[in-house]
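Worksheet: the structure to be examined is printed underneath.
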Amino acid sequence: MASKYSSEPGREPRNGYLLVPTARNGHGVSLAISGEIDISNAEAFTEEVRLLFNGGNGEMTLNLQHCVFIDSAGIRALVVLAQEQQARGRTLKLSGVTGEPERVLRLSGLLDSGLLEEGLTSNQQSPT
């Protein structure tokens with residue numbers, strides 16, 4: 001039975017989240033996140049993202065469109081990952097940030113910190 005967080009048929013989240021590589025090319029690596037990033041899985045999440053970003057060049061993107069919850073441990077994981085990418089001369093970009101995760105990330109100040117680059121959320125319009 002597929003989970004409501006699963007972004008691929010037959011793929012179930014481990015530890016409350018699922019990471020699915022959506023692109024890996026000369027311009028960077030993109031990962032789609034489904035589920036929750038919280039104190040119970042933030043360390044495993046960080047390690048898995050590191051492994052999937054390993055060897056990538058350019059922009060590293062985390063698509064949070066299907067991420068339904070993030071707590072302070074998840075925010076810390078994003079900060080650590082962004083700092084690591086910055087130290088390598090890369091950018092960590094978030095895309096698809098909506099709902100409760102967007103609210104929490106805005107309240108934390110992370111989206112306005114300059115550490116991360118934020119892509120368009122589903123409730124924003126692109127400039128014309």
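FYI, nothing fancy with the structure tokens labels: chains A, B, ... in order, residues from 1 per chain, ligands from 1 as they appear.
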**Report entry** Shell of 8 Å around range 63-66 of chain A, only C-alpha atoms, local chain residues under 6 positions omitted, as a PyMOL selection string
**Finding:** chain A and resi 5+7+30-35+94-98
Limited to C-alpha atoms, could you put the picked residues into a file as a compact mmCIF listing (two decimals), in the first residue's frame?
# COMPACT_ATOMS: atom_id res chain seq x y z
CA TYR A 5 3.92 10.86 1.19
CA SER A 7 6.10 10.43 -4.80
CA SER A 30 17.82 17.97 -7.42
CA LEU A 31 16.12 15.91 -4.75
CA ALA A 32 12.39 15.73 -4.00
CA ILE A 33 11.48 15.32 -0.33
CA SER A 34 8.24 13.67 0.76
CA GLY A 35 7.03 13.28 4.33
CA LEU A 94 14.85 25.18 -1.84
CA SER A 95 11.90 24.89 -4.19
CA GLY A 96 8.25 24.05 -3.71
CA VAL A 97 8.21 25.43 -0.17
CA THR A 98 4.54 25.67 0.81
If you run DSSP on this backbone, which residues of range 77-125 of chain A come out as alpha helix (DSSP H), and could you give them as a tab-separated table (two decimals) with N, CA and C atoms, in the first residue's frame?
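Listing of states.tsv after writing:
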chain	number	residue	atom	x	y	z
A	77	ALA	N	19.14	20.81	10.13
A	77	ALA	CA	19.68	19.97	9.05
A	77	ALA	C	19.86	20.79	7.77
A	78	LEU	N	18.87	21.62	7.44
A	78	LEU	CA	18.98	22.45	6.24
A	78	LEU	C	20.10	23.48	6.37
A	79	VAL	N	20.26	24.05	7.57
A	79	VAL	CA	21.34	25.02	7.80
A	79	VAL	C	22.70	24.34	7.63
A	80	VAL	N	22.87	23.17	8.22
A	80	VAL	CA	24.14	22.44	8.11
A	80	VAL	C	24.43	22.11	6.65
A	81	LEU	N	23.43	21.61	5.92
A	81	LEU	CA	23.63	21.27	4.51
A	81	LEU	C	23.96	22.51	3.69
A	82	ALA	N	23.28	23.63	3.95
A	82	ALA	CA	23.54	24.87	3.21
A	82	ALA	C	24.96	25.36	3.49
A	83	GLN	N	25.40	25.31	4.74
A	83	GLN	CA	26.75	25.75	5.09
A	83	GLN	C	27.80	24.87	4.42
A	84	GLU	N	27.56	23.58	4.38
A	84	GLU	CA	28.49	22.66	3.71
A	84	GLU	C	28.58	22.97	2.22
A	85	GLN	N	27.44	23.22	1.59
A	85	GLN	CA	27.46	23.55	0.17
A	85	GLN	C	28.15	24.89	-0.08
A	86	GLN	N	27.89	25.85	0.78
A	86	GLN	CA	28.51	27.17	0.66
A	86	GLN	C	30.04	27.06	0.78
A	87	ALA	N	30.51	26.22	1.68
A	87	ALA	CA	31.95	26.01	1.86
A	87	ALA	C	32.59	25.40	0.60
A	99	GLY	N	2.84	25.61	2.50
A	99	GLY	CA	2.14	25.09	3.66
A	99	GLY	C	2.87	25.29	4.97
A	100	GLU	N	2.74	24.31	5.85
A	100	GLU	CA	3.35	24.36	7.17
A	100	GLU	C	4.88	24.49	7.12
A	101	PRO	N	5.57	23.75	6.25
A	101	PRO	CA	7.03	23.95	6.17
A	101	PRO	C	7.40	25.39	5.81
A	102	GLU	N	6.66	26.01	4.89
A	102	GLU	CA	6.96	27.40	4.54
A	102	GLU	C	6.76	28.31	5.75
A	103	ARG	N	5.68	28.11	6.47
A	103	ARG	CA	5.40	28.93	7.65
A	103	ARG	C	6.52	28.80	8.68
A	104	VAL	N	6.94	27.57	8.96
A	104	VAL	CA	8.00	27.34	9.95
A	104	VAL	C	9.33	27.93	9.48
A	105	LEU	N	9.67	27.74	8.22
A	105	LEU	CA	10.93	28.27	7.70
A	105	LEU	C	10.93	29.80	7.68
A	106	ARG	N	9.78	30.40	7.41
A	106	ARG	CA	9.69	31.87	7.45
A	106	ARG	C	9.80	32.37	8.89
A	107	LEU	N	9.09	31.73	9.82
A	107	LEU	CA	9.15	32.14	11.23
A	107	LEU	C	10.57	32.00	11.79
A	108	SER	N	11.29	30.99	11.34
A	108	SER	CA	12.65	30.78	11.82
A	108	SER	C	13.62	31.83	11.28
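As for CA of Leu52 in chain A and CA of Glu117 in chain A, they are spaced 19.1 Å apart.
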**Report entry** For Glu48 in chain A: contacts at 12 Å, only C-alpha atoms, fewer than 4 positions along chain excluded, given as JSON, numbers by chain
**Finding:** {"A": [14, 15, 17, 18, 19, 20, 21, 31, 33, 41, 42, 43, 44, 52, 53, 54, 77, 81]}
Report task. Based on DSSP run over this structure's backbone, return all residues of chain A in strand (DSSP E or B), as a ChimeraX atom specification. Result -> /A:14,17-25,28-37,59-70,92-95,117-118
**Report entry** Non-local contacts of Ser72 in chain A (8 Å; only C-alpha atoms; under 3 positions in same chain excluded) as a PyMOL selection string
**Finding:** chain A and resi 38-39+75-76
